[in-house]
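Report on the structure given below.
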Amino acid sequence: MNKSSLQARLGGALPAVAGIASVLVLWHLASVVFADRRSVPAPLHVMQQIVEDRSYLAENSIVTLREAMVGYLWGNVAAIVLAVVFVQSRTAERVLLRLAVASYCIPLVAIAPVLVVVLPGDGPKYTLAALAVFFTTLVATIVGLRSSDPTSLEVVRASGGSSWQALRFVRIRSALPSLFAGLCVAAPAALLGATIGEYLGASSGLGVALVQAQSSFQVERTWAVALTMSALAGLLYALASLCARLLTPWSTSTQTVGSTPRVEAVVQPRWARGLSGLGFALASVAVIVGVWYAALALLDLNAYFAKSPTDVWAYLFTQPDASSHRGELLSELMVTLKDAALGYVLGTLVAVLAAVAIVSVRVVEQVVTPIAVVLRSVPIVAMTPLLALVFGRGLVGVTVIVSLVVFFPTLVNMIVGLRSAPPVATDVVRAAGGSTLQAIRVVRLPYALPALFASAKIAVPAALGGATLAEWLATGDGLGSLLVVSYSNSKFSTLWSGSVVIVAVSVLLYTVVGRLEGPVLRRFSVQASPHG
């Protein structure tokens, strides 16, 4: 390597180093500002605690990693198999895709107490880890399988090959880059699912270590455990990324990630499409209810704690106290919706502004990216208690927590969207005397709308999940707190009914975003990307 090349590499690395250094400086300043509250220890003190607790942290890390990897394996296998079924059968996709969306929209804090009740041993932790990765990998695999070269597919068909042969010889290779992108995103999520399972019932693991440190007011150890979780999440992401680069060296494309793929349309009159959509929606509900009943029967669960759809319906509508039950759930739901909405708006606004700055100024990207990666790698279950210490357990703390959940996926998708604008269009604005900001407003932002909707489909359910988690671990209000309190007090009808309500609301909001996407994009004359 010659001297000029080395200098160029060092020069390119300086902004990234500056970004990491700025995180440490801000951390140190926060430790000084909040010194009286002892909520933010100095970085050096946390590092010392990690060294002292290295054996303790290593033992618990192994437990959590094992749980996360088991869930990661099963969740991804299920997602890949189902993606293949969807690509091969349009009918199966239309019926079952809503079930997959429902699995994504389940806030982990809503389903975690239910799983702890109905599954033995480490089953809840494995299942939560699997649920955390399932939808991301499913969508990435479907997008990849459908990105195959049409000419290659036509060659297989012209040669008398079946759809399964097209899958084997063409689609699988085409799907690998997108699949590995999904696996990279899913890796840290598996750790989050396993940790939440440990929070609700385990004897060891990083989740248990975090609870013990918090309950003992060991602030340095709390931060040490949280940083260990972050390091493991970052390590899993890095390993998945390395495998992707080694196994798919031909892949250089970037895509927005996270929204459901579009089911291939069939030309029909509007009334026929409406009836067809209603029929498939009812079929999807029937499948969900059928799976619910089948799971209860197969697991042979006690009706005292395992409630059926009939039990939930009675609790909400036919029991003598049904109106009070609905009132309680509605009151707590309003709190959760307010928490989620404020955090979503703040997180989206900050992400859009950051994306504009990154696209406009190269140095900003090099400085901000390491900070964003650090924030993304910290599991929200570890971050929530720390942020509650710093920002309090009220509305401000919850808003900050939810906004961080929303920030990263919106930032990543918006950067891709802003950069998708044709260079010729931006050049025209500049040639007419327009500034960089005018080019962004007139050209780049309209082209980024599909990416904004793609990120909204991720961020809206995530905002509800973040709000319920913050309510559980920080505020003691809202549905998140009600669900965990109901579990602790053996109020299983409230637990199951509240879980159904939050899932139904999440799916509804997800669907509303999807319905708004088409009219808004048409209004601004922007075509949605095929992956959005």
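Residues in the structure tokens are numbered from 1 in each chain, the chains being A, B, ... in the order shown, and ligands are numbered from 1 in the order shown.
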Taking 5 positions as the minimum chain separation for residues in the same chain, which residues sit within 12 Å of Gly498 of chain A when counting only C-alpha atoms? Answer as an mmCIF file with N, CA and C atoms, in the first residue's frame.
```
data_model
loop_
_atom_site.group_PDB
_atom_site.id
_atom_site.type_symbol
_atom_site.label_atom_id
_atom_site.label_comp_id
_atom_site.auth_asym_id
_atom_site.auth_seq_id
_atom_site.Cartn_x
_atom_site.Cartn_y
_atom_site.Cartn_z
ATOM 1 N N ILE A 106 -47.515 -7.814 16.719
ATOM 2 C CA ILE A 106 -47.668 -8.158 18.134
ATOM 3 C C ILE A 106 -46.532 -7.513 18.922
ATOM 4 N N PRO A 107 -46.812 -6.539 19.783
ATOM 5 C CA PRO A 107 -45.748 -6.040 20.656
ATOM 6 C C PRO A 107 -45.244 -7.177 21.549
ATOM 7 N N VAL A 109 -44.057 -7.244 24.415
ATOM 8 C CA VAL A 109 -44.501 -7.184 25.799
ATOM 9 C C VAL A 109 -45.949 -7.651 25.939
ATOM 10 N N ALA A 110 -46.720 -7.643 24.826
ATOM 11 C CA ALA A 110 -48.094 -8.126 24.879
ATOM 12 C C ALA A 110 -48.145 -9.643 24.841
ATOM 13 N N ILE A 111 -47.299 -10.240 24.017
ATOM 14 C CA ILE A 111 -47.346 -11.696 23.866
ATOM 15 C C ILE A 111 -46.481 -12.411 24.891
ATOM 16 N N PRO A 113 -46.078 -12.264 28.287
ATOM 17 C CA PRO A 113 -46.730 -12.894 29.449
ATOM 18 C C PRO A 113 -47.587 -14.095 29.069
ATOM 19 N N VAL A 114 -48.245 -14.024 27.895
ATOM 20 C CA VAL A 114 -49.073 -15.151 27.448
ATOM 21 C C VAL A 114 -48.203 -16.376 27.209
ATOM 22 N N LYS A 307 -56.806 -18.740 27.453
ATOM 23 C CA LYS A 307 -58.133 -18.305 27.021
ATOM 24 C C LYS A 307 -58.309 -18.470 25.515
ATOM 25 N N VAL A 312 -62.360 -14.594 25.151
ATOM 26 C CA VAL A 312 -62.055 -13.172 24.964
ATOM 27 C C VAL A 312 -63.305 -12.417 24.537
ATOM 28 N N TRP A 313 -64.073 -13.000 23.619
ATOM 29 C CA TRP A 313 -65.317 -12.364 23.186
ATOM 30 C C TRP A 313 -66.269 -12.173 24.367
ATOM 31 N N TYR A 315 -65.496 -11.973 27.543
ATOM 32 C CA TYR A 315 -64.930 -10.987 28.474
ATOM 33 C C TYR A 315 -65.211 -9.568 27.999
ATOM 34 N N LEU A 316 -65.195 -9.372 26.681
ATOM 35 C CA LEU A 316 -65.344 -8.018 26.141
ATOM 36 C C LEU A 316 -66.794 -7.631 25.831
ATOM 37 N N HIS A 325 -64.974 -3.895 31.540
ATOM 38 C CA HIS A 325 -63.745 -4.461 30.971
ATOM 39 C C HIS A 325 -63.311 -3.654 29.746
ATOM 40 N N ARG A 326 -64.281 -3.348 28.870
ATOM 41 C CA ARG A 326 -63.946 -2.550 27.681
ATOM 42 C C ARG A 326 -63.463 -1.163 28.068
ATOM 43 N N GLY A 327 -64.094 -0.578 29.082
ATOM 44 C CA GLY A 327 -63.702 0.756 29.525
ATOM 45 C C GLY A 327 -62.276 0.785 30.042
ATOM 46 N N GLU A 328 -61.906 -0.244 30.804
ATOM 47 C CA GLU A 328 -60.538 -0.302 31.335
ATOM 48 C C GLU A 328 -59.516 -0.425 30.203
ATOM 49 N N LEU A 329 -59.789 -1.338 29.281
ATOM 50 C CA LEU A 329 -58.849 -1.537 28.176
ATOM 51 C C LEU A 329 -58.778 -0.306 27.276
ATOM 52 N N LEU A 330 -59.920 0.318 27.013
ATOM 53 C CA LEU A 330 -59.937 1.510 26.164
ATOM 54 C C LEU A 330 -59.179 2.657 26.810
ATOM 55 N N SER A 331 -59.358 2.834 28.114
ATOM 56 C CA SER A 331 -58.650 3.906 28.822
ATOM 57 C C SER A 331 -57.140 3.724 28.735
ATOM 58 N N GLU A 332 -56.674 2.512 28.979
ATOM 59 C CA GLU A 332 -55.233 2.254 28.913
ATOM 60 C C GLU A 332 -54.723 2.311 27.469
ATOM 61 N N LEU A 333 -55.568 1.891 26.512
ATOM 62 C CA LEU A 333 -55.178 1.959 25.103
ATOM 63 C C LEU A 333 -54.956 3.402 24.677
ATOM 64 N N THR A 336 -51.562 4.472 25.696
ATOM 65 C CA THR A 336 -50.542 3.864 24.836
ATOM 66 C C THR A 336 -50.495 4.530 23.469
ATOM 67 N N THR A 468 -45.463 0.234 24.718
ATOM 68 C CA THR A 468 -45.864 -0.764 25.721
ATOM 69 C C THR A 468 -44.673 -1.196 26.565
ATOM 70 N N GLY A 478 -50.759 2.733 30.940
ATOM 71 C CA GLY A 478 -50.993 2.220 29.603
ATOM 72 C C GLY A 478 -51.170 0.712 29.549
ATOM 73 N N LEU A 479 -51.396 0.217 28.334
ATOM 74 C CA LEU A 479 -51.640 -1.211 28.144
ATOM 75 C C LEU A 479 -50.415 -2.049 28.486
ATOM 76 N N GLY A 480 -49.222 -1.510 28.225
ATOM 77 C CA GLY A 480 -48.010 -2.269 28.536
ATOM 78 C C GLY A 480 -47.938 -2.636 29.994
ATOM 79 N N SER A 481 -48.238 -1.677 30.858
ATOM 80 C CA SER A 481 -48.228 -1.945 32.299
ATOM 81 C C SER A 481 -49.397 -2.844 32.701
ATOM 82 N N LEU A 482 -50.575 -2.593 32.120
ATOM 83 C CA LEU A 482 -51.756 -3.393 32.468
ATOM 84 C C LEU A 482 -51.544 -4.867 32.159
ATOM 85 N N LEU A 483 -50.928 -5.182 31.031
ATOM 86 C CA LEU A 483 -50.725 -6.570 30.643
ATOM 87 C C LEU A 483 -49.806 -7.287 31.621
ATOM 88 N N VAL A 484 -48.712 -6.652 32.007
ATOM 89 C CA VAL A 484 -47.771 -7.299 32.916
ATOM 90 C C VAL A 484 -48.365 -7.409 34.324
ATOM 91 N N VAL A 485 -49.090 -6.385 34.761
ATOM 92 C CA VAL A 485 -49.746 -6.447 36.077
ATOM 93 C C VAL A 485 -50.802 -7.550 36.080
ATOM 94 N N SER A 486 -51.538 -7.674 34.976
ATOM 95 C CA SER A 486 -52.554 -8.735 34.884
ATOM 96 C C SER A 486 -51.904 -10.111 34.971
ATOM 97 N N TYR A 487 -50.756 -10.267 34.329
ATOM 98 C CA TYR A 487 -50.013 -11.529 34.425
ATOM 99 C C TYR A 487 -49.571 -11.800 35.856
ATOM 100 N N LYS A 491 -54.741 -12.363 36.363
ATOM 101 C CA LYS A 491 -55.963 -11.928 35.686
ATOM 102 C C LYS A 491 -55.816 -12.270 34.201
ATOM 103 N N PHE A 492 -55.979 -13.540 33.895
ATOM 104 C CA PHE A 492 -55.627 -14.020 32.565
ATOM 105 C C PHE A 492 -56.617 -13.586 31.487
ATOM 106 N N SER A 493 -57.857 -13.364 31.847
ATOM 107 C CA SER A 493 -58.820 -12.862 30.858
ATOM 108 C C SER A 493 -58.434 -11.455 30.410
ATOM 109 N N VAL A 503 -52.878 -6.004 19.511
ATOM 110 C CA VAL A 503 -52.529 -6.582 18.214
ATOM 111 C C VAL A 503 -53.490 -6.089 17.139
ATOM 112 N N ALA A 504 -54.795 -6.069 17.458
ATOM 113 C CA ALA A 504 -55.791 -5.611 16.477
ATOM 114 C C ALA A 504 -55.536 -4.157 16.088
ATOM 115 N N VAL A 505 -55.217 -3.320 17.066
ATOM 116 C CA VAL A 505 -54.941 -1.907 16.780
ATOM 117 C C VAL A 505 -53.676 -1.772 15.936
#
```
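Residues in contact with Tyr293 of chain A at up to 12 Å, not including ones fewer than 2 positions away on its chain and judged by only C-alpha atoms, are Ala286, Val287, Ile288, Val289, Gly290, Val291, Ala295, Leu296, Ala297, Leu298, Leu299, Asp300, Leu301, Ala303, Ala306, Lys307, Ser308, Pro309, Thr310 and Asp311 of chain A.
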Practice task
Determine, counting only C-alpha atoms, which protein, DNA and RNA residues have an atom within 9 Å of an atom of segment 153-157 of chain A; residues of the same chain fewer than 4 positions away are not included. Present the result as a VMD selection string.
Solution key: chain A and resid 148 to 149 161 to 163 165 to 167 169 to 171
Exercise for the section: Choose the residue, out of A:Ala213, A:Val32, A:Leu232, A:Ala474, that has the smallest atom-to-atom separation from Val398 of chain A; count only C-alpha atoms. Expected result: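 Residue with the minimum atom-to-atom distance to Val398 of chain A: A:Ala474.
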Exercise for the section: Could you tell me, as a count of residues only, which residues of segment 73-278 of chain A DSSP assigns to helix (DSSP H, G or I) when given the backbone? Expected result: 161
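Nearest-residue note for Arg66 of chain A: choosing from A:Leu99, A:Ile172, A:Ala314, A:Leu191, the minimum distance belongs to A:Leu191, counting only C-alpha atoms.
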Exercise for the section: Compare A:Gly197, A:Pro461, A:Gly397, A:Pro446 by their minimum atom-to-atom distance to Arg523 of chain A, counting only C-alpha atoms, and give me the closest one. Expected result: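 With only C-alpha atoms as the atom set, the closest residue is A:Pro446.
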Problem - Interatomic distance (Å, one decimal) between atom CA of Arg173 of chain A and atom CA of Tyr237 of chain A - result: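 A separation of 22.0 Å between them.
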